[in-house]
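Colleague: Provided herewith: model28.txt, compact mmCIF, C-alpha atoms.
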# COMPACT_ATOMS: atom_id res chain seq x y z
CA MET A 1 18.32 -158.38 -121.03
CA LYS A 2 16.06 -159.90 -118.44
CA GLN A 3 14.68 -157.49 -115.87
CA LYS A 4 15.99 -159.49 -112.94
CA THR A 5 19.48 -159.50 -114.46
CA ILE A 6 19.38 -155.73 -114.87
CA PHE A 7 18.22 -155.27 -111.28
CA ILE A 8 20.70 -157.64 -109.65
CA SER A 9 23.71 -156.48 -111.67
CA THR A 10 22.85 -152.85 -110.83
CA LEU A 11 22.74 -153.78 -107.14
CA ALA A 12 26.13 -155.49 -107.44
CA VAL A 13 27.67 -152.46 -109.19
CA LEU A 14 26.26 -150.08 -106.55
CA ALA A 15 27.59 -152.26 -103.72
CA LEU A 16 31.03 -152.33 -105.35
CA VAL A 17 31.08 -148.55 -105.91
CA PHE A 18 29.98 -147.91 -102.32
CA GLY A 19 32.49 -150.36 -100.83
CA GLY A 20 35.26 -148.98 -103.04
CA GLY A 21 34.32 -145.45 -102.04
CA VAL A 22 34.51 -146.32 -98.34
CA TRP A 23 37.90 -147.97 -98.79
CA TYR A 24 39.30 -145.10 -100.87
CA TYR A 25 38.00 -142.43 -98.50
CA ASN A 26 39.48 -144.15 -95.44
CA GLN A 27 42.80 -144.54 -97.26
CA VAL A 28 42.92 -140.82 -98.06
CA GLN A 29 41.88 -139.88 -94.51
CA THR A 30 44.53 -142.09 -92.89
CA ASP A 31 47.26 -140.43 -94.97
CA LYS A 32 45.89 -137.00 -94.13
CA HIS A 33 45.76 -137.82 -90.40
CA LYS A 34 49.39 -138.94 -90.41
CA GLY A 35 50.37 -135.57 -91.83
CA GLN A 36 48.27 -133.69 -89.31
CA ALA A 37 49.51 -135.52 -86.22
CA ALA A 38 52.50 -133.23 -85.70
CA ALA A 39 50.36 -130.10 -86.00
CA ASN A 40 47.79 -131.57 -83.61
CA LEU A 41 50.33 -132.16 -80.84
CA SER A 42 50.77 -128.51 -79.87
CA ILE A 43 47.00 -128.04 -79.39
CA LEU A 44 46.42 -131.46 -77.84
CA PHE A 45 48.85 -131.19 -74.97
CA ARG A 46 48.27 -128.26 -72.64
CA GLN A 47 49.72 -127.57 -69.23
CA ASP A 48 48.31 -129.44 -66.29
CA MET A 49 45.90 -131.97 -67.79
CA PRO A 50 44.56 -134.84 -65.67
CA SER A 51 46.53 -137.94 -66.59
CA LYS A 52 47.53 -141.40 -65.53
CA GLY A 53 50.07 -143.98 -66.60
CA ASN A 54 53.82 -144.01 -67.01
CA THR A 55 55.27 -140.49 -67.31
CA ASN A 56 57.91 -141.75 -69.74
CA ALA A 57 55.47 -143.70 -71.90
CA LYS A 58 56.06 -143.21 -75.62
CA VAL A 59 52.42 -143.75 -76.52
CA ARG A 60 50.32 -140.88 -75.23
CA ILE A 61 46.55 -140.98 -75.55
CA VAL A 62 44.35 -137.91 -75.26
CA GLU A 63 40.66 -138.43 -74.61
CA PHE A 64 38.09 -135.67 -74.99
CA LEU A 65 35.26 -136.67 -72.67
CA ASP A 66 32.01 -135.47 -71.21
CA PRO A 67 31.09 -136.80 -67.72
CA GLY A 68 27.43 -136.84 -68.84
CA CYS A 69 28.06 -138.88 -72.02
CA GLU A 70 26.86 -142.49 -71.90
CA THR A 71 29.42 -143.78 -74.39
CA CYS A 72 32.23 -142.18 -72.35
CA ALA A 73 30.97 -144.08 -69.31
CA ARG A 74 30.79 -147.35 -71.21
CA PHE A 75 34.20 -146.79 -72.79
CA HIS A 76 35.97 -145.97 -69.55
CA PRO A 77 36.59 -149.59 -68.40
CA LEU A 78 38.09 -150.34 -71.82
CA ILE A 79 40.75 -147.68 -71.23
CA GLU A 80 41.57 -149.46 -67.98
CA HIS A 81 41.71 -152.70 -69.94
CA LEU A 82 44.22 -151.21 -72.43
CA MET A 83 46.42 -149.86 -69.62
CA ASN A 84 46.54 -153.38 -68.18
CA GLU A 85 47.27 -154.92 -71.56
CA TYR A 86 50.31 -152.66 -72.09
CA PRO A 87 51.56 -152.00 -68.55
CA GLY A 88 53.94 -149.04 -68.30
CA LYS A 89 53.71 -148.25 -71.98
CA LEU A 90 50.75 -145.88 -72.11
CA LYS A 91 49.85 -142.54 -70.64
CA VAL A 92 46.29 -141.25 -70.82
CA PHE A 93 45.39 -137.55 -70.69
CA ILE A 94 41.89 -136.14 -70.24
CA ARG A 95 40.43 -133.08 -71.96
CA TYR A 96 36.89 -131.83 -71.32
CA LEU A 97 34.10 -131.37 -73.84
CA PRO A 98 31.08 -130.92 -71.52
CA VAL A 99 28.30 -130.67 -74.11
CA HIS A 100 25.53 -132.31 -72.06
CA LYS A 101 23.39 -130.14 -69.81
CA GLY A 102 24.84 -130.06 -66.32
CA SER A 103 28.20 -131.46 -67.39
CA ASP A 104 30.01 -128.19 -66.63
CA HIS A 105 29.08 -128.73 -62.97
CA MET A 106 30.70 -132.18 -63.19
CA VAL A 107 33.89 -130.71 -64.64
CA LYS A 108 34.06 -128.28 -61.73
CA ILE A 109 33.77 -131.18 -59.29
CA LEU A 110 36.43 -133.15 -61.20
CA GLU A 111 38.86 -130.24 -61.18
CA ALA A 112 38.21 -129.70 -57.46
CA SER A 113 38.76 -133.41 -56.76
CA ARG A 114 42.18 -133.19 -58.46
CA LYS A 115 43.32 -130.93 -55.65
CA GLN A 116 42.78 -133.90 -53.35
CA GLY A 117 44.35 -136.37 -55.78
CA LYS A 118 41.00 -138.09 -56.29
CA PHE A 119 40.33 -137.27 -59.96
CA TRP A 120 40.07 -140.84 -61.29
CA GLU A 121 38.07 -142.13 -58.32
CA THR A 122 35.62 -139.22 -58.68
CA LEU A 123 35.33 -139.73 -62.44
CA GLU A 124 34.54 -143.40 -61.90
CA MET A 125 31.87 -142.53 -59.34
CA MET A 126 30.34 -140.06 -61.81
CA PHE A 127 30.17 -142.66 -64.54
CA ALA A 128 28.76 -145.27 -62.16
CA SER A 129 25.98 -142.94 -60.96
CA GLN A 130 25.44 -141.31 -64.37
CA PRO A 131 21.92 -142.72 -64.99
CA GLU A 132 20.77 -140.97 -61.79
CA TRP A 133 21.88 -137.44 -62.67
CA ALA A 134 22.41 -137.26 -66.45
CA SER A 135 18.98 -137.93 -67.96
CA HIS A 136 18.76 -136.14 -71.31
CA THR A 137 15.23 -134.89 -70.74
CA ASN A 138 15.67 -133.96 -67.10
CA PRO A 139 19.32 -133.67 -66.02
CA GLN A 140 19.76 -133.21 -62.25
CA PRO A 141 23.50 -132.61 -61.85
CA PHE A 142 23.23 -131.79 -58.14
CA LYS A 143 22.20 -135.36 -57.40
CA ILE A 144 25.88 -136.30 -57.87
CA TRP A 145 26.50 -135.01 -54.32
CA ASN A 146 24.55 -138.02 -53.01
CA TYR A 147 27.24 -140.26 -54.47
CA LEU A 148 30.43 -138.27 -53.92
CA GLY A 149 30.43 -139.37 -50.27
CA ASN A 150 31.18 -142.89 -51.50
CA VAL A 151 34.54 -141.84 -52.92
CA ASP A 152 37.12 -143.00 -50.40
CA GLY A 153 38.98 -140.15 -48.75
CA LEU A 154 37.25 -137.33 -50.64
CA ASP A 155 36.75 -134.32 -48.38
CA LEU A 156 33.34 -132.94 -49.40
CA GLU A 157 33.71 -129.72 -47.44
CA LYS A 158 36.93 -128.85 -49.23
CA LEU A 159 35.40 -129.97 -52.53
CA ARG A 160 32.47 -127.56 -52.09
CA ARG A 161 34.90 -124.69 -51.57
CA ASP A 162 37.14 -125.65 -54.50
CA ILE A 163 34.49 -126.04 -57.21
CA ASN A 164 34.21 -122.27 -57.53
CA ALA A 165 37.94 -121.72 -58.02
CA PRO A 166 38.43 -119.10 -60.75
CA GLY A 167 40.72 -121.19 -62.99
CA ILE A 168 38.16 -123.89 -63.78
CA ASP A 169 36.07 -121.84 -66.19
CA GLN A 170 39.21 -120.96 -68.13
CA ILE A 171 40.10 -124.65 -68.42
CA ILE A 172 36.63 -125.43 -69.81
CA GLN A 173 36.84 -122.55 -72.30
CA ARG A 174 40.34 -123.56 -73.35
CA ASP A 175 39.27 -127.17 -73.94
CA PHE A 176 36.21 -126.09 -75.96
CA LYS A 177 38.43 -123.88 -78.11
CA ASP A 178 41.02 -126.61 -78.65
CA ALA A 179 38.29 -129.14 -79.47
CA ALA A 180 37.00 -126.78 -82.16
CA GLY A 181 40.52 -126.37 -83.51
CA LEU A 182 40.94 -130.14 -83.71
CA LYS A 183 37.44 -130.57 -85.20
CA VAL A 184 36.39 -132.67 -82.20
CA THR A 185 32.58 -132.58 -82.01
CA LYS A 186 31.76 -135.92 -80.37
CA THR A 187 32.63 -137.59 -77.11
CA PRO A 188 34.61 -139.63 -76.46
CA THR A 189 37.23 -138.66 -79.07
CA PHE A 190 40.66 -140.22 -78.86
CA PHE A 191 44.05 -139.19 -80.21
CA VAL A 192 47.03 -141.55 -80.08
CA ASN A 193 50.29 -139.58 -80.34
CA GLY A 194 48.30 -136.88 -82.10
CA ARG A 195 46.60 -139.21 -84.59
CA PRO A 196 42.78 -139.44 -84.57
CA LEU A 197 41.05 -142.81 -84.90
CA PRO A 198 40.14 -143.76 -88.49
CA ARG A 199 36.69 -144.62 -87.12
CA PHE A 200 35.24 -144.73 -83.62
CA GLY A 201 35.41 -147.94 -81.59
CA TYR A 202 37.53 -150.10 -79.32
CA GLU A 203 39.12 -152.07 -82.17
CA PRO A 204 40.36 -148.97 -84.07
CA LEU A 205 41.76 -147.53 -80.81
CA HIS A 206 43.48 -150.81 -79.97
CA ASP A 207 44.95 -151.08 -83.50
CA LEU A 208 46.23 -147.50 -83.50
CA ILE A 209 47.88 -148.01 -80.09
CA ALA A 210 49.52 -151.23 -81.32
CA GLU A 211 50.73 -149.40 -84.45
CA GLU A 212 52.20 -146.52 -82.45
CA LEU A 213 53.82 -148.97 -80.01
CA SER A 214 55.61 -150.73 -82.86
CA ASN A 215 56.59 -147.36 -84.39
CA THR A 216 58.15 -146.08 -81.18
CA HIS A 217 59.79 -149.20 -79.72
CA MET B 1 -5.65 -144.92 -134.68
CA THR B 2 -4.51 -148.42 -133.95
CA ASP B 3 -1.60 -150.18 -135.52
CA GLN B 4 -3.01 -153.27 -137.27
CA SER B 5 0.34 -155.03 -137.57
CA LEU B 6 0.77 -155.27 -133.77
CA PRO B 7 -1.54 -157.55 -131.84
CA PRO B 8 -2.94 -155.78 -128.73
CA GLU B 9 -1.21 -158.12 -126.24
CA ASN B 10 2.12 -157.24 -127.80
CA SER B 11 1.63 -153.52 -127.41
CA THR B 12 0.60 -153.83 -123.77
CA GLU B 13 3.64 -156.02 -123.24
CA GLN B 14 5.75 -153.20 -124.70
CA GLU B 15 4.08 -150.69 -122.44
CA ARG B 16 4.64 -152.82 -119.38
CA LYS B 17 8.31 -153.08 -120.25
CA ALA B 18 8.54 -149.30 -120.65
CA SER B 19 6.80 -148.79 -117.30
CA TRP B 20 9.18 -151.25 -115.71
CA MET B 21 12.13 -149.22 -116.98
CA LEU B 22 10.58 -146.05 -115.53
CA LEU B 23 10.19 -147.76 -112.15
CA PHE B 24 13.74 -149.06 -112.44
CA PHE B 25 15.14 -145.56 -113.01
CA ALA B 26 13.09 -144.17 -110.13
CA TRP B 27 14.52 -146.94 -107.93
CA LEU B 28 18.05 -146.28 -109.23
CA ILE B 29 17.79 -142.60 -108.26
CA ALA B 30 16.41 -143.53 -104.82
CA VAL B 31 19.08 -146.13 -104.06
CA THR B 32 21.86 -143.79 -105.25
CA SER B 33 20.47 -141.05 -103.00
CA MET B 34 20.29 -143.42 -100.05
CA LEU B 35 23.84 -144.71 -100.48
CA GLY B 36 25.11 -141.18 -101.08
CA SER B 37 23.48 -139.83 -97.93
CA LEU B 38 24.77 -142.79 -95.91
CA PHE B 39 28.26 -142.14 -97.28
CA PHE B 40 28.10 -138.51 -96.17
CA SER B 41 26.87 -139.33 -92.66
CA GLU B 42 28.44 -142.70 -91.82
CA VAL B 43 31.74 -142.56 -93.73
CA MET B 44 32.55 -138.87 -93.94
CA GLY B 45 31.00 -138.15 -90.53
CA VAL B 46 28.78 -135.23 -91.60
CA THR B 47 25.97 -135.14 -89.03
CA PRO B 48 22.55 -134.92 -90.73
CA CYS B 49 20.40 -131.98 -89.57
CA VAL B 50 16.69 -132.27 -88.79
CA LEU B 51 15.55 -131.44 -92.34
CA CYS B 52 17.92 -134.06 -93.75
CA TRP B 53 16.24 -136.65 -91.57
CA TYR B 54 12.79 -135.73 -92.88
CA GLN B 55 14.05 -136.11 -96.44
CA ARG B 56 15.59 -139.48 -95.56
CA ILE B 57 12.25 -140.61 -94.16
CA ALA B 58 10.71 -139.91 -97.58
CA MET B 59 13.60 -141.33 -99.64
CA TYR B 60 14.61 -144.62 -97.99
CA PRO B 61 11.23 -146.40 -98.21
CA LEU B 62 11.29 -145.90 -102.01
CA VAL B 63 14.38 -148.11 -102.19
CA PHE B 64 12.53 -151.04 -100.65
CA ILE B 65 8.95 -150.57 -101.86
CA LEU B 66 9.58 -149.79 -105.56
CA PRO B 67 11.13 -153.25 -106.22
CA MET B 68 7.96 -154.82 -104.79
CA GLY B 69 6.12 -153.25 -107.74
CA MET B 70 8.80 -154.35 -110.20
CA PHE B 71 8.87 -158.05 -109.23
CA PRO B 72 6.22 -158.95 -110.31
CA MET B 73 5.44 -155.85 -112.36
CA ASP B 74 2.53 -153.86 -110.94
CA GLU B 75 2.07 -150.25 -112.09
CA LYS B 76 -0.10 -149.53 -109.04
CA VAL B 77 3.03 -149.15 -106.91
CA ALA B 78 3.51 -145.71 -108.54
CA HIS B 79 0.06 -144.68 -107.37
CA PHE B 80 0.66 -145.88 -103.82
CA ILE B 81 4.12 -144.40 -103.35
CA ILE B 82 3.79 -140.98 -105.07
CA PRO B 83 3.12 -139.07 -101.77
CA LEU B 84 6.68 -139.84 -100.59
CA PRO B 85 8.66 -138.06 -103.36
CA ILE B 86 6.19 -135.15 -103.36
CA LEU B 87 6.45 -134.57 -99.59
CA GLY B 88 10.19 -135.21 -99.61
CA GLY B 89 10.55 -132.76 -102.48
CA LEU B 90 8.69 -130.07 -100.53
CA VAL B 91 11.02 -130.51 -97.54
CA ALA B 92 14.03 -130.39 -99.89
CA LEU B 93 12.67 -127.22 -101.50
CA TYR B 94 12.35 -125.58 -98.07
CA HIS B 95 15.87 -126.77 -97.22
CA VAL B 96 17.33 -125.34 -100.45
CA ALA B 97 15.57 -122.04 -99.75
CA LEU B 98 17.24 -122.00 -96.32
CA THR B 99 20.73 -122.64 -97.68
CA TRP B 100 20.29 -119.93 -100.32
CA GLY B 101 19.17 -117.47 -97.68
CA LEU B 102 15.69 -117.05 -99.21
CA ILE B 103 14.19 -117.81 -95.81
CA PRO B 104 15.64 -115.87 -92.86
CA GLU B 105 17.86 -117.79 -90.49
CA ASN B 106 15.73 -117.22 -87.38
CA MET B 107 12.84 -119.09 -89.02
CA GLN B 108 14.75 -122.34 -89.34
CA PRO B 109 13.72 -125.12 -86.99
CA CYS B 110 17.09 -126.69 -86.26
CA THR B 111 18.57 -126.98 -82.80
CA GLN B 112 21.29 -129.06 -81.14
CA GLY B 113 24.15 -127.34 -82.89
CA ILE B 114 23.59 -128.57 -86.44
CA PRO B 115 22.13 -125.63 -88.34
CA CYS B 116 20.30 -126.66 -91.52
CA SER B 117 21.31 -123.42 -93.22
CA GLU B 118 24.96 -124.37 -93.02
CA THR B 119 26.43 -125.85 -96.19
CA THR B 120 28.92 -128.60 -95.44
CA ILE B 121 29.36 -130.15 -98.86
CA GLU B 122 29.41 -128.46 -102.23
CA LEU B 123 30.22 -130.44 -105.38
CA LEU B 124 31.20 -128.69 -108.63
CA GLY B 125 30.80 -125.38 -106.86
CA PHE B 126 27.01 -125.35 -106.57
CA LEU B 127 25.67 -128.85 -105.88
CA THR B 128 24.75 -129.00 -102.18
CA ILE B 129 23.20 -132.00 -100.43
CA PRO B 130 19.67 -130.46 -100.27
CA LEU B 131 19.90 -129.51 -103.96
CA MET B 132 20.82 -133.08 -104.91
CA SER B 133 17.95 -134.29 -102.74
CA LEU B 134 15.51 -131.90 -104.44
CA ALA B 135 16.65 -133.05 -107.89
CA SER B 136 16.23 -136.72 -106.89
CA PHE B 137 12.71 -136.19 -105.56
CA ILE B 138 11.63 -134.23 -108.66
CA LEU B 139 13.00 -136.90 -111.02
CA ILE B 140 11.39 -139.75 -109.05
CA ALA B 141 8.05 -137.93 -108.85
CA GLY B 142 8.21 -137.20 -112.60
CA LEU B 143 8.86 -140.84 -113.49
CA LEU B 144 6.07 -142.06 -111.21
CA ILE B 145 3.59 -139.49 -112.59
CA ARG B 146 4.34 -140.72 -116.13
CA ILE B 147 3.45 -144.27 -115.06
CA ILE B 148 0.26 -143.12 -113.33
CA LYS B 149 -0.86 -141.13 -116.41
CA ARG B 150 -0.09 -144.03 -118.73
CA ASP B 151 -1.99 -146.41 -116.46
CA SER B 152 -5.21 -144.37 -116.24
Would you mind writing the file's structure down as structure tokens?
Modeller:
Amino acid sequence: MKQKTIFISTLAVLALVFGGGVWYYNQVQTDKHKGQAAANLSILFRQDMPSKGNTNAKVRIVEFLDPGCETCARFHPLIEHLMNEYPGKLKVFIRYLPVHKGSDHMVKILEASRKQGKFWETLEMMFASQPEWASHTNPQPFKIWNYLGNVDGLDLEKLRRDINAPGIDQIIQRDFKDAAGLKVTKTPTFFVNGRPLPRFGYEPLHDLIAEELSNTH
Amino acid sequence: MTDQSLPPENSTEQERKASWMLLFFAWLIAVTSMLGSLFFSEVMGVTPCVLCWYQRIAMYPLVFILPMGMFPMDEKVAHFIIPLPILGGLVALYHVALTWGLIPENMQPCTQGIPCSETTIELLGFLTIPLMSLASFILIAGLLIRIIKRDS
């Protein structure tokens, strides 16, 4: 056999094996995830999580996020986009996985802002100002206070008092523990009615939501 | 002793073909290792630790540079590229020693929550990723050394 033929046919076989492997693995994982969804639900939904959307929505999305994570910031408008695409049909819940340095301070601010009903506005301000305070080499979480004044109606004095409320640390610990139980190690991680995404990205999230919508309506 | 029935050009042609096959097998091991490691990290979502990255740095260039010595055939490629499998093999050896507990945990250089001493994948009960990597580097280095010895 000619050397070139050997080389090229080997390449073709390897490409086929790799592609087949990817397809087969994803197939197996999807089946496994379907089976796990029910077991996930009890860990995914805890009392008193920040949420928005229709209370009676049949498709419930849980997002594990880190206020200091760049991809979370970039993904956030897409969640908004999905809520607008399916008005009244989705409800989004937030869980914390503050793995970046300084992110625990952000979670304290977010939890304190909830007491004033300003959670989503504060989260958006954090994401918008993220490059200023969340540098990986030199995070300066306290710089966020320069931006919190721009959140309409947020009482900074009250916020300063509320960030040290005793319950917040427990919430962070609980979310870390639940993330470990669900094998969530990256942010953002999404679950749609308890099912994890087959792979990360907007398209997989959109497809899983569409699938769950057709399953439940 | 020389074989009178074979003209000299013919025997060198034979040797070149044999060397080509050695290069081909070295490339085959490298490309299989690359695709395997990409499958683990990109498809199965196993995050590579620091030592894995150093081994990848030594393995992936083989996949692209070896074919440059196969088309057209040039044995010198073995001479140029031999440092990669040797260095990669040393890193893999260190990594295997870590996973077997031969080197104490506090000496390992990994941070950011992915300890190199942790074993995430074990095939057939003993075949870990660093062990497969070590085997690949040893085989590739062996094949290349045969070509270098034959050439000189």
Colleague: As a PDB file with C-alpha atoms, in the frame of the given file, could you give me every residue of chain B near chain A (at most 12 Å apart, counting all atoms listed in the file)?
Modeller:
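This went into part.pdb:
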ATOM      1  CA  ARG B  16       4.640-152.820-119.380  1.00  0.00           C
ATOM      2  CA  LYS B  17       8.310-153.080-120.250  1.00  0.00           C
ATOM      3  CA  ALA B  18       8.540-149.300-120.650  1.00  0.00           C
ATOM      4  CA  SER B  19       6.800-148.790-117.300  1.00  0.00           C
ATOM      5  CA  TRP B  20       9.180-151.250-115.710  1.00  0.00           C
ATOM      6  CA  MET B  21      12.130-149.220-116.980  1.00  0.00           C
ATOM      7  CA  LEU B  23      10.190-147.760-112.150  1.00  0.00           C
ATOM      8  CA  PHE B  24      13.740-149.060-112.440  1.00  0.00           C
ATOM      9  CA  PHE B  25      15.140-145.560-113.010  1.00  0.00           C
ATOM     10  CA  TRP B  27      14.520-146.940-107.930  1.00  0.00           C
ATOM     11  CA  LEU B  28      18.050-146.280-109.230  1.00  0.00           C
ATOM     12  CA  ILE B  29      17.790-142.600-108.260  1.00  0.00           C
ATOM     13  CA  ALA B  30      16.410-143.530-104.820  1.00  0.00           C
ATOM     14  CA  VAL B  31      19.080-146.130-104.060  1.00  0.00           C
ATOM     15  CA  THR B  32      21.860-143.790-105.250  1.00  0.00           C
ATOM     16  CA  SER B  33      20.470-141.050-103.000  1.00  0.00           C
ATOM     17  CA  MET B  34      20.290-143.420-100.050  1.00  0.00           C
ATOM     18  CA  LEU B  35      23.840-144.710-100.480  1.00  0.00           C
ATOM     19  CA  GLY B  36      25.110-141.180-101.080  1.00  0.00           C
ATOM     20  CA  SER B  37      23.480-139.830 -97.930  1.00  0.00           C
ATOM     21  CA  LEU B  38      24.770-142.790 -95.910  1.00  0.00           C
ATOM     22  CA  PHE B  39      28.260-142.140 -97.280  1.00  0.00           C
ATOM     23  CA  PHE B  40      28.100-138.510 -96.170  1.00  0.00           C
ATOM     24  CA  SER B  41      26.870-139.330 -92.660  1.00  0.00           C
ATOM     25  CA  GLU B  42      28.440-142.700 -91.820  1.00  0.00           C
ATOM     26  CA  VAL B  43      31.740-142.560 -93.730  1.00  0.00           C
ATOM     27  CA  MET B  44      32.550-138.870 -93.940  1.00  0.00           C
ATOM     28  CA  GLY B  45      31.000-138.150 -90.530  1.00  0.00           C
ATOM     29  CA  VAL B  46      28.780-135.230 -91.600  1.00  0.00           C
ATOM     30  CA  THR B  47      25.970-135.140 -89.030  1.00  0.00           C
ATOM     31  CA  VAL B  63      14.380-148.110-102.190  1.00  0.00           C
ATOM     32  CA  LEU B  66       9.580-149.790-105.560  1.00  0.00           C
ATOM     33  CA  PRO B  67      11.130-153.250-106.220  1.00  0.00           C
ATOM     34  CA  MET B  70       8.800-154.350-110.200  1.00  0.00           C
ATOM     35  CA  PHE B  71       8.870-158.050-109.230  1.00  0.00           C
ATOM     36  CA  PRO B  72       6.220-158.950-110.310  1.00  0.00           C
ATOM     37  CA  MET B  73       5.440-155.850-112.360  1.00  0.00           C
ATOM     38  CA  GLN B 112      21.290-129.060 -81.140  1.00  0.00           C
ATOM     39  CA  GLY B 113      24.150-127.340 -82.890  1.00  0.00           C
ATOM     40  CA  ILE B 114      23.590-128.570 -86.440  1.00  0.00           C
TER      41      ILE B 114
END
Colleague: Kindly give the distance, in Å, that separates atom CA of Phe137 of chain B and atom CA of Leu84 of chain B, rounded to a single decimal.
Modeller: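 Taking atom CA of Phe137 of chain B and atom CA of Leu84 of chain B, their separation equals 8.6 Å.
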Colleague: Can you tell me how far atom CA of Lys183 of chain A sits from atom CA of Arg74 of chain A, in Å to one decimal?
Modeller: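 So the answer is 22.8 Å.
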Colleague: Could you tell me how far atom CA of Leu98 of chain B lies from atom CA of Pro48 of chain B, in Å and to one decimal?
Modeller: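 Calculated distance between atom CA of Leu98 of chain B and atom CA of Pro48 of chain B is 15.0 Å.
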Colleague: Do you know which residues are at most 12 Å from Ile81 of chain B counting only C-alpha atoms, after dropping those on the same chain fewer than 4 positions away, and could you put them as JSON, numbers by chain?
Modeller: {"B": [23, 26, 27, 58, 59, 60, 61, 62, 63, 64, 65, 66, 67, 68, 69, 75, 76, 77, 85, 86, 87, 88, 140, 141, 143, 144, 145, 147, 148]}
Colleague: So which residues touch segment 115-123 of chain A within 8 Å, counting only C-alpha atoms, skipping near sequence neighbours fewer than 2 positions away, as JSON, numbers by chain?
Modeller: {"A": [50, 67, 110, 111, 112, 113, 125, 126, 127, 148, 151, 154, 155]}
Colleague: Since the input is missing atoms, can you rebuild all heavy atoms for segment 60-65 of chain B and write them as a PDB file, in the frame of the given file?
Modeller:
ATOM      1  N   TYR B  60      14.196-143.225 -98.201  1.00  0.00           N
ATOM      2  CA  TYR B  60      14.610-144.620 -97.990  1.00  0.00           C
ATOM      3  C   TYR B  60      13.519-145.652 -98.279  1.00  0.00           C
ATOM      4  O   TYR B  60      13.814-146.704 -98.845  1.00  0.00           O
ATOM      5  CB  TYR B  60      15.179-144.802 -96.574  1.00  0.00           C
ATOM      6  CG  TYR B  60      16.496-144.099 -96.320  1.00  0.00           C
ATOM      7  CD1 TYR B  60      17.057-143.256 -97.274  1.00  0.00           C
ATOM      8  CD2 TYR B  60      17.181-144.278 -95.133  1.00  0.00           C
ATOM      9  CE1 TYR B  60      18.252-142.599 -97.040  1.00  0.00           C
ATOM     10  CE2 TYR B  60      18.396-143.626 -94.896  1.00  0.00           C
ATOM     11  CZ  TYR B  60      18.923-142.786 -95.849  1.00  0.00           C
ATOM     12  OH  TYR B  60      20.113-142.155 -95.609  1.00  0.00           O
ATOM     13  N   PRO B  61      12.241-145.380 -97.918  1.00  0.00           N
ATOM     14  CA  PRO B  61      11.230-146.400 -98.210  1.00  0.00           C
ATOM     15  C   PRO B  61      11.096-146.695 -99.702  1.00  0.00           C
ATOM     16  O   PRO B  61      10.775-147.816-100.089  1.00  0.00           O
ATOM     17  CB  PRO B  61       9.934-145.788 -97.673  1.00  0.00           C
ATOM     18  CG  PRO B  61      10.372-144.811 -96.659  1.00  0.00           C
ATOM     19  CD  PRO B  61      11.688-144.275 -97.146  1.00  0.00           C
ATOM     20  N   LEU B  62      11.372-145.695-100.566  1.00  0.00           N
ATOM     21  CA  LEU B  62      11.290-145.900-102.010  1.00  0.00           C
ATOM     22  C   LEU B  62      12.207-147.046-102.445  1.00  0.00           C
ATOM     23  O   LEU B  62      11.862-147.843-103.320  1.00  0.00           O
ATOM     24  CB  LEU B  62      11.697-144.617-102.749  1.00  0.00           C
ATOM     25  CG  LEU B  62      10.769-143.412-102.602  1.00  0.00           C
ATOM     26  CD1 LEU B  62      11.467-142.152-103.072  1.00  0.00           C
ATOM     27  CD2 LEU B  62       9.509-143.641-103.408  1.00  0.00           C
ATOM     28  N   VAL B  63      13.384-147.115-101.809  1.00  0.00           N
ATOM     29  CA  VAL B  63      14.380-148.110-102.190  1.00  0.00           C
ATOM     30  C   VAL B  63      13.837-149.533-101.990  1.00  0.00           C
ATOM     31  O   VAL B  63      14.162-150.445-102.752  1.00  0.00           O
ATOM     32  CB  VAL B  63      15.669-147.914-101.355  1.00  0.00           C
ATOM     33  CG1 VAL B  63      16.702-148.981-101.666  1.00  0.00           C
ATOM     34  CG2 VAL B  63      16.239-146.524-101.586  1.00  0.00           C
ATOM     35  N   PHE B  64      12.991-149.693-100.977  1.00  0.00           N
ATOM     36  CA  PHE B  64      12.530-151.040-100.650  1.00  0.00           C
ATOM     37  C   PHE B  64      11.152-151.354-101.231  1.00  0.00           C
ATOM     38  O   PHE B  64      10.837-152.510-101.510  1.00  0.00           O
ATOM     39  CB  PHE B  64      12.528-151.233 -99.127  1.00  0.00           C
ATOM     40  CG  PHE B  64      13.876-150.933 -98.535  1.00  0.00           C
ATOM     41  CD1 PHE B  64      14.123-149.724 -97.895  1.00  0.00           C
ATOM     42  CD2 PHE B  64      14.919-151.828 -98.674  1.00  0.00           C
ATOM     43  CE1 PHE B  64      15.373-149.426 -97.393  1.00  0.00           C
ATOM     44  CE2 PHE B  64      16.172-151.545 -98.178  1.00  0.00           C
ATOM     45  CZ  PHE B  64      16.404-150.338 -97.527  1.00  0.00           C
ATOM     46  N   ILE B  65      10.326-150.315-101.412  1.00  0.00           N
ATOM     47  CA  ILE B  65       8.950-150.570-101.860  1.00  0.00           C
ATOM     48  C   ILE B  65       8.860-150.605-103.389  1.00  0.00           C
ATOM     49  O   ILE B  65       8.118-151.413-103.941  1.00  0.00           O
ATOM     50  CB  ILE B  65       7.992-149.539-101.239  1.00  0.00           C
ATOM     51  CG1 ILE B  65       7.990-149.736 -99.714  1.00  0.00           C
ATOM     52  CG2 ILE B  65       6.584-149.708-101.776  1.00  0.00           C
ATOM     53  CD1 ILE B  65       7.225-148.701 -98.944  1.00  0.00           C
TER      54      ILE B  65
END
